[in-house]
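Student: You'll find target_13.txt just under this line, and it carries compact mmCIF, C-alpha atoms and all ligand atoms.
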```txt
# COMPACT_ATOMS: atom_id res chain seq x y z
CA MET X 1 0.00 0.00 0.00
CA GLU X 2 1.24 3.47 -0.97
CA LEU X 3 0.80 5.88 1.94
CA THR X 4 1.42 9.08 0.00
CA PHE X 5 -0.51 10.56 -2.89
CA THR X 6 0.96 10.91 -6.37
CA PRO X 7 1.35 14.38 -7.95
CA GLU X 8 -1.63 13.52 -10.22
CA GLN X 9 -3.77 12.65 -7.21
CA GLU X 10 -2.72 15.88 -5.49
CA ALA X 11 -3.63 17.81 -8.65
CA PHE X 12 -7.00 16.06 -8.74
CA ARG X 13 -7.56 17.03 -5.10
CA ALA X 14 -6.69 20.65 -5.83
CA GLU X 15 -9.11 20.73 -8.76
CA VAL X 16 -11.97 19.27 -6.70
CA ARG X 17 -11.25 21.64 -3.84
CA GLY X 18 -11.16 24.69 -6.10
CA TRP X 19 -14.40 23.81 -7.81
CA LEU X 20 -16.24 23.03 -4.57
CA GLU X 21 -15.02 26.24 -2.92
CA ALA X 22 -16.50 28.19 -5.82
CA HIS X 23 -19.81 26.30 -6.02
CA VAL X 24 -20.96 24.83 -2.68
CA PRO X 25 -24.02 26.80 -1.49
CA ALA X 26 -23.15 29.23 1.29
CA GLU X 27 -26.27 28.32 3.28
CA PRO X 28 -27.23 24.70 4.06
CA LEU X 29 -30.09 23.37 1.95
CA ALA X 30 -33.39 22.31 3.52
CA SER X 31 -33.60 18.60 4.40
CA MET X 32 -33.91 16.38 1.33
CA ASP X 33 -36.68 14.53 3.19
CA THR X 34 -38.96 17.53 2.57
CA ALA X 35 -40.47 18.47 -0.81
CA GLU X 36 -38.67 21.83 -0.84
CA GLY X 37 -35.32 20.38 0.23
CA PHE X 38 -35.62 17.53 -2.26
CA GLU X 39 -35.87 19.99 -5.14
CA GLN X 40 -33.02 22.09 -3.74
CA HIS X 41 -30.85 18.99 -3.67
CA ARG X 42 -31.92 18.08 -7.21
CA ALA X 43 -30.86 21.57 -8.32
CA TRP X 44 -27.49 21.08 -6.59
CA GLU X 45 -27.01 17.78 -8.47
CA ARG X 46 -27.50 19.74 -11.71
CA VAL X 47 -24.73 22.11 -10.66
CA LEU X 48 -22.46 19.15 -9.87
CA ASP X 49 -23.30 17.60 -13.23
CA GLY X 50 -22.51 20.89 -14.95
CA GLY X 51 -18.97 20.65 -13.55
CA ARG X 52 -18.77 16.91 -14.37
CA TRP X 53 -18.58 16.15 -10.66
CA ALA X 54 -21.91 14.35 -10.23
CA MET X 55 -20.60 10.85 -10.99
CA VAL X 56 -16.82 10.96 -10.94
CA THR X 57 -16.41 7.16 -11.11
CA TRP X 58 -18.55 6.85 -14.26
CA PRO X 59 -16.64 6.59 -17.55
CA ALA X 60 -15.76 9.91 -19.19
CA GLU X 61 -17.92 9.11 -22.24
CA LEU X 62 -20.95 8.91 -19.92
CA GLY X 63 -20.26 12.30 -18.36
CA GLY X 64 -18.05 11.05 -15.53
CA ARG X 65 -14.30 11.34 -14.97
CA SER X 66 -13.33 7.66 -15.01
CA ALA X 67 -11.97 8.22 -11.49
CA ASP X 68 -10.43 5.22 -9.79
CA LEU X 69 -11.24 4.32 -6.19
CA ILE X 70 -8.40 6.38 -4.70
CA GLU X 71 -9.60 9.45 -6.62
CA TRP X 72 -13.10 8.66 -5.46
CA LEU X 73 -11.94 8.68 -1.83
CA ILE X 74 -10.09 11.96 -2.43
CA PHE X 75 -13.22 13.45 -4.01
CA GLU X 76 -15.27 12.39 -1.00
CA GLU X 77 -12.73 13.88 1.44
CA GLU X 78 -12.96 17.20 -0.36
CA TYR X 79 -16.74 16.95 -0.62
CA TYR X 80 -17.17 16.56 3.14
CA ARG X 81 -14.44 19.08 3.88
CA ALA X 82 -16.40 21.63 1.84
CA GLY X 83 -19.63 20.79 3.72
CA ALA X 84 -21.36 20.09 0.40
CA PRO X 85 -25.03 18.92 0.38
CA GLY X 86 -26.07 15.25 0.71
CA ARG X 87 -26.59 13.27 -2.50
CA VAL X 88 -30.28 13.00 -3.30
CA ASN X 89 -29.80 10.62 -6.23
CA GLN X 90 -27.47 8.21 -4.47
CA ASN X 91 -29.70 5.24 -5.36
CA GLY X 92 -29.44 6.17 -9.02
CA ILE X 93 -25.88 7.38 -9.48
CA PHE X 94 -24.08 4.99 -7.10
CA LEU X 95 -26.28 1.88 -7.22
CA LEU X 96 -28.46 1.61 -10.30
CA GLY X 97 -25.98 3.41 -12.60
CA PRO X 98 -23.20 0.81 -12.26
CA THR X 99 -25.81 -1.99 -12.45
CA LEU X 100 -27.14 -0.56 -15.71
CA MET X 101 -23.61 -0.38 -17.07
CA GLU X 102 -23.22 -4.08 -16.26
CA TYR X 103 -26.62 -5.46 -17.28
CA GLY X 104 -28.35 -2.79 -19.41
CA THR X 105 -28.77 -2.87 -23.17
CA ASP X 106 -27.29 0.00 -25.19
CA GLU X 107 -30.80 1.46 -25.52
CA GLN X 108 -31.33 1.30 -21.76
CA LYS X 109 -27.98 2.95 -21.05
CA ALA X 110 -28.78 5.74 -23.51
CA ARG X 111 -32.28 6.16 -22.12
CA TYR X 112 -31.53 6.18 -18.37
CA LEU X 113 -27.94 7.20 -17.62
CA PRO X 114 -27.92 10.84 -18.84
CA LYS X 115 -31.10 11.76 -16.94
CA MET X 116 -29.74 9.93 -13.90
CA GLY X 117 -26.45 11.84 -14.02
CA SER X 118 -28.25 15.18 -14.22
CA SER X 119 -30.83 14.04 -11.64
CA GLU X 120 -33.66 15.00 -13.96
CA GLU X 121 -34.77 11.55 -12.83
CA VAL X 122 -34.19 10.69 -9.18
CA TRP X 123 -34.43 7.02 -8.20
CA ALA X 124 -35.86 5.16 -5.23
CA GLN X 125 -34.84 1.64 -4.28
CA GLY X 126 -37.75 -0.81 -4.04
CA TRP X 127 -36.52 -4.00 -2.41
CA SER X 128 -38.22 -4.19 0.98
CA GLU X 129 -41.77 -5.41 1.42
CA PRO X 130 -43.77 -5.74 4.64
CA ASN X 131 -42.69 -9.39 4.94
CA ALA X 132 -39.44 -9.23 3.04
CA GLY X 133 -36.76 -7.11 4.72
CA SER X 134 -33.74 -9.04 5.93
CA ASP X 135 -35.19 -11.99 4.09
CA MET X 136 -35.40 -10.31 0.69
CA ALA X 137 -35.96 -13.60 -1.12
CA ALA X 138 -39.43 -13.66 0.49
CA ILE X 139 -40.61 -10.98 -1.99
CA ARG X 140 -44.25 -11.45 -2.93
CA SER X 141 -45.00 -8.53 -5.29
CA THR X 142 -45.75 -10.03 -8.68
CA ALA X 143 -45.16 -8.99 -12.28
CA GLU X 144 -47.30 -10.99 -14.67
CA ARG X 145 -46.41 -10.95 -18.35
CA ASP X 146 -49.20 -9.65 -20.61
CA GLY X 147 -47.91 -9.27 -24.18
CA ASP X 148 -45.27 -6.56 -24.21
CA HIS X 149 -46.07 -5.42 -20.66
CA TYR X 150 -45.68 -6.63 -17.10
CA VAL X 151 -48.69 -6.13 -14.86
CA ILE X 152 -47.36 -5.45 -11.38
CA ASN X 153 -49.24 -5.98 -8.11
CA GLY X 154 -47.97 -5.73 -4.57
CA GLN X 155 -46.41 -3.42 -2.04
CA LYS X 156 -42.93 -2.06 -1.45
CA THR X 157 -41.94 -0.23 1.71
CA TRP X 158 -39.19 1.88 3.29
CA ALA X 159 -38.27 3.37 -0.09
CA SER X 160 -35.87 6.19 0.83
CA ARG X 161 -36.77 9.42 -1.00
CA GLY X 162 -39.72 7.43 -2.39
CA ALA X 163 -42.11 10.21 -1.42
CA PHE X 164 -40.54 12.54 -4.02
CA ALA X 165 -38.57 10.32 -6.41
CA ASP X 166 -39.46 9.96 -10.10
CA TRP X 167 -38.57 6.29 -10.61
CA MET X 168 -38.16 3.16 -8.54
CA PHE X 169 -36.15 0.02 -9.28
CA GLY X 170 -36.99 -3.28 -7.65
CA ILE X 171 -37.44 -7.00 -8.03
CA PHE X 172 -40.78 -8.67 -8.59
CA ARG X 173 -41.92 -12.28 -8.80
CA THR X 174 -42.48 -13.15 -12.46
CA ASP X 175 -42.72 -16.91 -12.01
CA PRO X 176 -45.73 -17.55 -9.75
CA ASP X 177 -44.55 -21.10 -9.00
CA SER X 178 -41.08 -20.03 -7.97
CA GLU X 179 -39.72 -19.82 -4.47
CA ARG X 180 -37.10 -17.73 -2.74
CA HIS X 181 -34.54 -16.09 -5.02
CA ARG X 182 -35.61 -17.88 -8.18
CA GLY X 183 -38.31 -16.49 -10.49
CA LEU X 184 -37.67 -12.82 -9.69
CA THR X 185 -37.16 -10.08 -12.29
CA PHE X 186 -35.49 -6.65 -11.97
CA ILE X 187 -37.83 -3.94 -13.31
CA LEU X 188 -37.57 -0.14 -13.60
CA VAL X 189 -40.87 1.52 -12.65
CA PRO X 190 -41.86 5.16 -13.26
CA LEU X 191 -43.65 6.30 -10.10
CA ASP X 192 -46.30 8.33 -11.97
CA LEU X 193 -48.01 5.36 -13.66
CA ASP X 194 -51.71 4.59 -13.16
CA GLY X 195 -52.22 2.17 -10.30
CA ILE X 196 -49.32 3.45 -8.19
CA THR X 197 -50.02 4.97 -4.79
CA VAL X 198 -47.09 6.48 -2.93
CA ARG X 199 -47.81 6.88 0.77
CA PRO X 200 -45.16 8.83 2.71
CA ILE X 201 -44.01 7.36 6.04
CA GLN X 202 -43.25 9.79 8.82
CA GLN X 203 -39.82 9.29 10.36
CA LEU X 204 -38.65 9.72 13.94
CA ASP X 205 -37.80 13.36 13.18
CA GLY X 206 -41.26 14.04 11.71
CA GLU X 207 -40.10 14.31 8.09
CA THR X 208 -41.41 12.06 5.36
CA GLY X 209 -38.63 11.05 2.98
CA PHE X 210 -39.58 7.38 3.21
CA ALA X 211 -42.56 5.90 1.41
CA GLU X 212 -44.65 2.83 0.99
CA VAL X 213 -45.43 2.18 -2.66
CA PHE X 214 -48.61 0.29 -3.52
CA LEU X 215 -48.86 -1.20 -7.02
CA ASP X 216 -52.29 -2.21 -8.34
CA ASP X 217 -52.38 -3.58 -11.91
CA VAL X 218 -49.54 -1.28 -12.93
CA ARG X 219 -48.61 -1.82 -16.58
CA VAL X 220 -44.88 -1.48 -17.24
CA PRO X 221 -43.36 -2.12 -20.71
CA VAL X 222 -41.19 -5.23 -20.96
CA GLU X 223 -38.33 -3.00 -22.18
CA ASN X 224 -38.08 -1.68 -18.58
CA ARG X 225 -36.70 -5.03 -17.49
CA LEU X 226 -33.01 -5.06 -16.54
CA GLY X 227 -31.33 -8.38 -17.31
CA GLN X 228 -33.17 -11.57 -18.11
CA GLU X 229 -36.65 -12.56 -16.94
CA ASN X 230 -36.49 -14.62 -13.72
CA GLN X 231 -32.80 -13.72 -13.27
CA GLY X 232 -33.42 -10.58 -11.23
CA TRP X 233 -31.77 -11.89 -8.07
CA ALA X 234 -28.30 -11.82 -9.64
CA VAL X 235 -28.90 -8.27 -10.90
CA ALA X 236 -30.14 -7.17 -7.47
CA MET X 237 -27.14 -8.73 -5.74
CA SER X 238 -24.88 -6.75 -8.02
CA THR X 239 -26.70 -3.53 -7.00
CA ALA X 240 -26.59 -4.47 -3.31
CA GLY X 241 -22.88 -5.24 -3.69
CA PHE X 242 -22.24 -1.65 -4.78
CA GLU X 243 -24.17 -0.51 -1.71
CA ARG X 244 -22.33 -2.67 0.82
CA GLY X 245 -18.94 -2.22 -0.81
CA LEU X 246 -17.08 1.06 -0.77
CA MET X 247 -19.57 3.42 -2.35
CA LEU X 248 -22.27 3.81 0.30
CA ARG X 249 -20.37 5.38 3.16
CA SER X 250 -16.92 6.69 2.43
CA PRO X 251 -14.58 7.35 5.40
CA ALA X 252 -14.69 11.09 4.76
CA ARG X 253 -18.20 11.23 6.20
CA PHE X 254 -17.04 9.84 9.55
CA GLU X 255 -13.82 11.81 9.60
CA ALA X 256 -15.90 14.97 9.21
CA THR X 257 -18.06 13.92 12.17
CA ALA X 258 -14.96 13.02 14.24
CA LYS X 259 -13.46 16.43 13.50
CA ARG X 260 -16.66 18.19 14.57
CA LEU X 261 -16.69 16.04 17.71
CA VAL X 262 -13.16 17.13 18.65
CA GLU X 263 -14.14 20.77 18.10
CA LEU X 264 -17.28 20.27 20.20
CA TYR X 265 -15.25 18.73 23.00
CA ARG X 266 -12.76 21.59 22.94
CA ARG X 267 -15.59 24.11 23.32
CA HIS X 268 -17.08 22.21 26.27
CA ALA X 269 -13.91 20.73 27.82
CA ASP X 270 -14.34 22.51 31.16
CA THR X 271 -17.87 21.17 31.73
CA ALA X 272 -17.65 17.76 30.02
CA GLU X 273 -17.29 14.60 32.11
CA PRO X 274 -13.64 13.46 32.23
CA THR X 275 -14.54 10.18 30.47
CA MET X 276 -15.65 12.16 27.41
CA ARG X 277 -12.06 12.92 26.51
CA GLU X 278 -11.31 9.24 26.05
CA ALA X 279 -14.51 8.68 24.07
CA VAL X 280 -13.62 11.54 21.72
CA VAL X 281 -10.09 10.23 21.19
CA ARG X 282 -11.43 6.72 20.53
CA ALA X 283 -13.92 8.09 17.98
CA TRP X 284 -11.21 10.01 16.17
CA MET X 285 -8.90 6.98 16.12
CA ASN X 286 -11.64 4.72 14.81
CA ALA X 287 -12.54 7.18 12.05
CA GLU X 288 -8.87 7.31 11.06
CA ALA X 289 -8.62 3.51 11.21
CA TYR X 290 -11.64 3.22 8.91
CA ARG X 291 -10.00 5.67 6.51
CA LEU X 292 -6.73 3.76 6.38
CA ASN X 293 -8.49 0.44 6.06
CA THR X 294 -10.56 1.78 3.17
CA TYR X 295 -7.48 3.09 1.34
CA TRP X 296 -5.93 -0.34 1.83
CA THR X 297 -9.03 -2.04 0.39
CA ALA X 298 -9.14 0.41 -2.52
CA SER X 299 -5.47 -0.28 -3.28
CA ARG X 300 -6.17 -4.01 -3.27
CA LEU X 301 -9.15 -3.59 -5.61
CA ILE X 302 -7.13 -1.44 -8.01
CA ASP X 303 -4.52 -4.20 -8.07
CA GLY X 304 -7.19 -6.66 -9.21
CA GLY X 305 -8.40 -7.91 -5.83
CA SER X 306 -12.07 -8.19 -4.91
CA ILE X 307 -14.24 -7.29 -1.96
CA GLY X 308 -16.60 -9.99 -0.83
CA SER X 309 -17.98 -10.82 2.57
CA GLU X 310 -15.51 -8.52 4.33
CA ALA X 311 -17.77 -5.64 3.20
CA SER X 312 -19.92 -6.81 6.13
CA LEU X 313 -17.08 -5.94 8.53
CA ASN X 314 -16.97 -2.40 7.11
CA LYS X 315 -20.71 -1.97 7.38
CA ILE X 316 -20.76 -2.91 11.05
CA PHE X 317 -17.70 -0.78 11.80
CA TRP X 318 -18.90 2.49 10.28
CA SER X 319 -22.50 2.18 11.46
CA GLU X 320 -21.47 1.48 15.08
CA LEU X 321 -18.84 4.21 14.94
CA ASP X 322 -21.45 6.71 13.76
CA VAL X 323 -23.75 5.86 16.68
CA GLN X 324 -20.86 6.06 19.14
CA MET X 325 -19.75 9.48 17.89
CA HIS X 326 -23.23 10.95 18.09
CA GLU X 327 -23.86 9.47 21.53
CA THR X 328 -20.60 11.04 22.71
CA ALA X 329 -21.62 14.42 21.29
CA LEU X 330 -24.99 14.30 23.03
CA ALA X 331 -23.30 13.29 26.29
CA ILE X 332 -20.93 16.27 26.00
CA LEU X 333 -23.88 18.57 25.35
CA GLU X 334 -25.66 17.14 28.45
CA ALA X 335 -29.08 18.76 28.99
CA ARG X 336 -28.59 21.11 26.02
CA ALA X 337 -28.88 18.04 23.78
CA GLN X 338 -32.63 18.16 24.48
CA LEU X 339 -33.06 21.53 22.77
CA LEU X 340 -34.92 21.67 19.48
CA ALA X 341 -32.80 22.86 16.56
CA GLU X 342 -34.86 26.06 16.24
CA ALA X 343 -34.51 27.02 19.94
CA PRO X 344 -32.53 30.28 20.26
CA ALA X 345 -29.92 28.69 22.56
CA ALA X 346 -29.53 25.57 20.43
CA GLY X 347 -26.42 26.53 18.48
CA ASP X 348 -25.18 23.37 16.76
CA VAL X 349 -27.21 21.07 19.02
CA GLY X 350 -29.84 20.41 16.32
CA GLY X 351 -27.29 19.05 13.90
CA TRP X 352 -26.06 16.53 16.45
CA LEU X 353 -29.55 15.42 17.37
CA ASP X 354 -30.58 14.98 13.72
CA GLY X 355 -27.33 13.15 13.08
CA TYR X 356 -27.95 10.89 16.06
CA LEU X 357 -31.45 9.96 14.88
CA PHE X 358 -30.11 9.09 11.45
CA ALA X 359 -27.11 7.24 12.90
CA LEU X 360 -29.56 4.93 14.69
CA ALA X 361 -30.74 3.76 11.26
CA GLY X 362 -27.20 2.81 10.17
CA PRO X 363 -27.26 -0.63 11.82
CA ILE X 364 -30.55 -1.33 9.97
CA TYR X 365 -30.34 -0.13 6.37
CA ALA X 366 -28.24 -1.81 3.66
CA GLY X 367 -28.74 -5.10 5.54
CA THR X 368 -29.01 -5.12 9.34
CA ASN X 369 -25.89 -5.62 11.42
CA GLU X 370 -27.31 -8.90 12.74
CA ILE X 371 -27.44 -10.17 9.17
CA GLN X 372 -23.90 -8.87 8.55
CA ARG X 373 -22.76 -10.81 11.64
CA ASN X 374 -24.35 -13.95 10.20
CA VAL X 375 -22.41 -13.36 6.97
CA ILE X 376 -19.15 -12.90 8.89
CA ALA X 377 -19.79 -15.99 11.01
CA GLU X 378 -20.61 -18.25 8.09
CA ARG X 379 -18.53 -16.94 5.21
CA LEU X 380 -15.46 -15.40 6.85
CA LEU X 381 -15.12 -17.53 9.98
CA GLY X 382 -16.61 -20.72 8.55
CA LEU X 383 -18.87 -21.29 11.54
CA PRO X 384 -21.89 -23.61 11.17
CA ARG X 385 -25.24 -22.01 10.26
CA SER X 386 -26.76 -23.00 13.60
C1 LIG Y 401 -32.89 4.65 6.94
C2 LIG Y 401 -33.38 3.45 6.17
C3 LIG Y 401 -33.45 3.52 4.81
C4 LIG Y 401 -33.93 2.43 4.08
N1 LIG Y 401 -34.07 2.57 2.72
C5 LIG Y 401 -34.58 1.55 2.01
C6 LIG Y 401 -34.79 1.70 0.61
O1 LIG Y 401 -34.51 2.75 0.02
N2 LIG Y 401 -35.33 0.68 -0.07
C7 LIG Y 401 -35.66 -0.50 0.53
O2 LIG Y 401 -36.12 -1.41 -0.15
N3 LIG Y 401 -35.51 -0.68 1.88
C8 LIG Y 401 -34.97 0.33 2.61
N4 LIG Y 401 -34.82 0.19 4.00
C9 LIG Y 401 -35.30 -1.02 4.62
C10 LIG Y 401 -34.17 -1.93 5.14
O3 LIG Y 401 -33.51 -2.53 4.07
C11 LIG Y 401 -34.83 -2.93 6.08
O4 LIG Y 401 -35.35 -2.24 7.17
C12 LIG Y 401 -33.84 -3.97 6.55
O5 LIG Y 401 -33.41 -4.79 5.49
C13 LIG Y 401 -34.44 -4.86 7.66
O6 LIG Y 401 -35.66 -5.39 7.26
P1 LIG Y 401 -36.96 -5.25 8.19
O7 LIG Y 401 -37.10 -3.80 8.57
O8 LIG Y 401 -38.08 -5.89 7.47
O9 LIG Y 401 -36.62 -6.03 9.52
P2 LIG Y 401 -36.68 -7.60 9.72
O10 LIG Y 401 -36.04 -8.30 8.58
O11 LIG Y 401 -38.08 -7.97 10.08
O12 LIG Y 401 -35.74 -7.78 10.99
C14 LIG Y 401 -36.17 -7.45 12.30
C15 LIG Y 401 -35.03 -7.77 13.26
O13 LIG Y 401 -34.70 -9.16 13.21
C16 LIG Y 401 -33.34 -9.36 12.90
N5 LIG Y 401 -33.19 -10.52 12.02
C17 LIG Y 401 -33.94 -10.84 10.93
N6 LIG Y 401 -33.50 -11.99 10.38
C18 LIG Y 401 -32.44 -12.40 11.14
C19 LIG Y 401 -31.54 -13.51 11.06
N7 LIG Y 401 -31.64 -14.42 10.08
N8 LIG Y 401 -30.56 -13.60 11.99
C20 LIG Y 401 -30.42 -12.67 12.96
N9 LIG Y 401 -31.26 -11.60 13.10
C21 LIG Y 401 -32.24 -11.47 12.20
C22 LIG Y 401 -32.93 -8.11 12.14
O14 LIG Y 401 -31.54 -7.89 12.23
C23 LIG Y 401 -33.74 -7.05 12.89
O15 LIG Y 401 -33.06 -6.64 14.05
C24 LIG Y 401 -34.34 1.25 4.75
C25 LIG Y 401 -34.25 1.18 6.14
C26 LIG Y 401 -33.79 2.26 6.85
C27 LIG Y 401 -33.73 2.17 8.36
```
Rewrite the coordinates I just gave you, this time as structure tokens.
Ligand SMILES: Cc1cc2nc3c(=O)[nH]c(=O)nc-3n(C[C@H](O)[C@H](O)[C@H](O)COP(=O)(O)OP(=O)(O)OC[C@H]3O[C@@H](n4cnc5c(N)ncnc54)[C@H](O)[C@@H]3O)c2cc1C
Tutor:
Amino acid sequence: MELTFTPEQEAFRAEVRGWLEAHVPAEPLASMDTAEGFEQHRAWERVLDGGRWAMVTWPAELGGRSADLIEWLIFEEEYYRAGAPGRVNQNGIFLLGPTLMEYGTDEQKARYLPKMGSSEEVWAQGWSEPNAGSDMAAIRSTAERDGDHYVINGQKTWASRGAFADWMFGIFRTDPDSERHRGLTFILVPLDLDGITVRPIQQLDGETGFAEVFLDDVRVPVENRLGQENQGWAVAMSTAGFERGLMLRSPARFEATAKRLVELYRRHADTAEPTMREAVVRAWMNAEAYRLNTYWTASRLIDGGSIGSEASLNKIFWSELDVQMHETALAILEARAQLLAEAPAAGDVGGWLDGYLFALAGPIYAGTNEIQRNVIAERLLGLPRS
């Protein structure tokens, strides 16, 4: 592993930094889990796309910069350093985009990728159903072939940004006699079709970015299928692999939180409990360890290695670290942590509380940590299934 950056990588960093300094909005945008904030974030994605920074890892001919994983990590470090807005089209650009490049036809790539890159079309992810969460192979929503259409019936749930998104991708049971992961097909569904009801779900913080999506006799053209009929599981696993691998949560996000935590501690050092000092140091060290480990993994991947079940280790590490850092911040803030963000004395309390509520979801989304522990036990440690 190379522990220093090359002159080209340093030049790339300088270019990202310069562009972000000139373009990142001076005021934070409204939450993307509100209608207003969602559109503000969509507009920001257009600005990013204008600078060819919306999808840096995509090939240059598709509007990206063909960045390798090290450049991606550098981009992310600069992105968080600049305090740039969250990515509203993460499901599209980071998950569906690479899947389309792998499984899509030329027509599908031409149809979907440009509007995804510019976020003219923002995507929701439609895996989960009321009885198919951890056990995704229990999916019951059906897509019945009728000539050159699929007729879809069923219910998806927990679709992030589903309340405002334009499209949803998901897997549906096309073979009624199939069980588990066989007989499923990956289909791209516009959310404005007849028969679709999107019902927002209120979150712990009162906002409604999530949605349940009900599908009643929804007719979707067969050309919206990604990959082969009844082979959707393999396509979905490829998408989920991008999510659990390096792209979902880069170390820069946690380093930024660790840095804010150190600053918070410094401001409150005279009132904070003595044990807080150790908790802050541990958080900072863990964020740094995650960074170094990720650079190591990226170097291995660039050298032709692969990331398999050890992605589960990463997922547990960053999600537990995020909870620990936010808990420490709230403990340092003591009673002030109870203040609502809009209270005059709140200062930066609101940010920590919002961050804490979202951190609590980390051990659940992208596959719960219990499931990741099963993966580690069985596939990395070779322990028996029961
Ligand atoms: C913030 C957030 C965003 C999300 N976004 C999306 C999205 O965009 N699209 C989407 O489709 N879904 C999304 N989800 C849903 C998420 O994927 C599911 O919540 C998750 O997979 C768990 O499924 P479940 O909620 O049905 O819980 P269940 O599967 O019912 O699990 C309940 C509990 O049982 C445990 N458990 C279940 N099976 C086992 C087992 N075999 N061994 C040990 N423990 C087990 C789980 O770990 C969990 O603690 C999101 C969730 C969150 C919190």
Student: Dump as a list of chain:residue names all residues having an atom at most 7 Å from (-36.7, -14.8, -5.9), computed in the file's coordinates with only C-alpha atoms.
Tutor: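 Here is the list of nearby residues: X:Ala137, X:Ile139, X:Arg173, X:Glu179, X:Arg180, X:His181, X:Arg182, X:Gly183, X:Leu184, X:Trp233.
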Student: Just the residues within 8 Å of stretch 266-270 of chain X, please, counting all atoms listed in the file, with nothing from its chain fewer than 4 positions along; format it as a list in words.
Tutor: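 Neighbouring residues, sequence-local ones excluded: Val262, Ile332 and Leu333 of chain X.
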Student: Looking at X:Asp106, X:Glu27, X:Glu129, X:Asp33, which one is nearest to ligand LIG 401 (chain Y), with distances taken over only C-alpha atoms and all ligand atoms?
Tutor: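 Looking at the shortest contact to ligand LIG 401 (chain Y), the residue is X:Glu129.
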Student: So which one's closest to ligand LIG 401 (chain Y), X:Val198, X:Leu360, X:Ala258, X:Ala331? Using all atoms listed in the file, please.
Tutor: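 Nearest to ligand LIG 401 (chain Y): X:Leu360.
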Student: Could you check which of X:Ala337, X:Met116, X:Ala84, X:Leu29 is closest to X:Ala256, using only C-alpha atoms?
Tutor: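 So, comparing all the options, the nearest one is X:Ala84.
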Student: Looking at X:Arg260, X:Arg199, X:Arg145, X:Arg249, which one is nearest to X:Val222, with distances taken over all atoms listed in the file?
Tutor: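 Checking each of X:Arg260, X:Arg199, X:Arg145, X:Arg249 against X:Val222, counting all atoms listed in the file, the winner is X:Arg145.
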Student: Report, in Å with one decimal, the straight-line distance from atom CA of X:His326 to atom CA of X:Gly355.
Tutor: 6.8 Å
Student: Do you have the atom CA of X:Leu313-atom CA of X:Arg373 distance handy?
Tutor: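 Between these atoms lies a distance of 8.1 Å.
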Student: Can you tell me, as a list of chain:residue names, what residues are no more than 12 Å from X:Ile371 when counting all atoms listed in the file, ignoring any on the same chain fewer than 2 positions away?
Tutor: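 In the requested format, the answer is X:Gly133, X:Ser134, X:Asp135, X:Met136, X:Ser309, X:Ser312, X:Leu313, X:Lys315, X:Ile316, X:Pro363, X:Ile364, X:Tyr365, X:Ala366, X:Gly367, X:Thr368, X:Asn369, X:Arg373, X:Asn374, X:Val375, X:Ile376, X:Ala377, X:Glu378, X:Arg379.
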Student: Can I get the selection written as a compact mmCIF listing (two decimals), in the frame of the given file, with C-alpha atoms?
Tutor:
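Written output follows (part24.txt):
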```
# COMPACT_ATOMS: atom_id res chain seq x y z
CA GLY X 133 -36.76 -7.11 4.72
CA SER X 134 -33.74 -9.04 5.93
CA ASP X 135 -35.19 -11.99 4.09
CA MET X 136 -35.40 -10.31 0.69
CA SER X 309 -17.98 -10.82 2.57
CA SER X 312 -19.92 -6.81 6.13
CA LEU X 313 -17.08 -5.94 8.53
CA LYS X 315 -20.71 -1.97 7.38
CA ILE X 316 -20.76 -2.91 11.05
CA PRO X 363 -27.26 -0.63 11.82
CA ILE X 364 -30.55 -1.33 9.97
CA TYR X 365 -30.34 -0.13 6.37
CA ALA X 366 -28.24 -1.81 3.66
CA GLY X 367 -28.74 -5.10 5.54
CA THR X 368 -29.01 -5.12 9.34
CA ASN X 369 -25.89 -5.62 11.42
CA ARG X 373 -22.76 -10.81 11.64
CA ASN X 374 -24.35 -13.95 10.20
CA VAL X 375 -22.41 -13.36 6.97
CA ILE X 376 -19.15 -12.90 8.89
CA ALA X 377 -19.79 -15.99 11.01
CA GLU X 378 -20.61 -18.25 8.09
CA ARG X 379 -18.53 -16.94 5.21
```
Student: Each residue of stretch 192-246 of chain X with at least one atom at most 10 Å from stretch 86-102 of chain X should appear once, together with its nearest atom pair and the corresponding distance in Å (one decimal); atoms considered: all atoms listed in the file; ordering: chain, then increasing residue number; output as JSON lines.
Tutor:
```
{"residue": "X:Leu226", "atom": "CA", "partner": "X:Leu100", "partner_atom": "CA", "distance": 7.4}
{"residue": "X:Gly227", "atom": "CA", "partner": "X:Leu100", "partner_atom": "CA", "distance": 9.0}
{"residue": "X:Val235", "atom": "CA", "partner": "X:Thr99", "partner_atom": "CA", "distance": 7.2}
{"residue": "X:Ala236", "atom": "CA", "partner": "X:Thr99", "partner_atom": "CA", "distance": 8.4}
{"residue": "X:Met237", "atom": "CA", "partner": "X:Thr99", "partner_atom": "CA", "distance": 9.6}
{"residue": "X:Ser238", "atom": "CA", "partner": "X:Thr99", "partner_atom": "CA", "distance": 6.6}
{"residue": "X:Thr239", "atom": "CA", "partner": "X:Leu95", "partner_atom": "CA", "distance": 5.4}
{"residue": "X:Ala240", "atom": "CA", "partner": "X:Leu95", "partner_atom": "CA", "distance": 7.5}
{"residue": "X:Gly241", "atom": "CA", "partner": "X:Leu95", "partner_atom": "CA", "distance": 8.6}
{"residue": "X:Phe242", "atom": "CA", "partner": "X:Leu95", "partner_atom": "CA", "distance": 5.9}
{"residue": "X:Glu243", "atom": "CA", "partner": "X:Leu95", "partner_atom": "CA", "distance": 6.4}
```
Student: Neighbours of stretch 9-23 of chain X within 9 Å (only C-alpha atoms; same-chain residues fewer than 2 positions away dropped), as a ChimeraX atom specification?
Tutor: /X:5-7,25-26,47-48,51,53,70-71,74-75,77-79,81-82,84
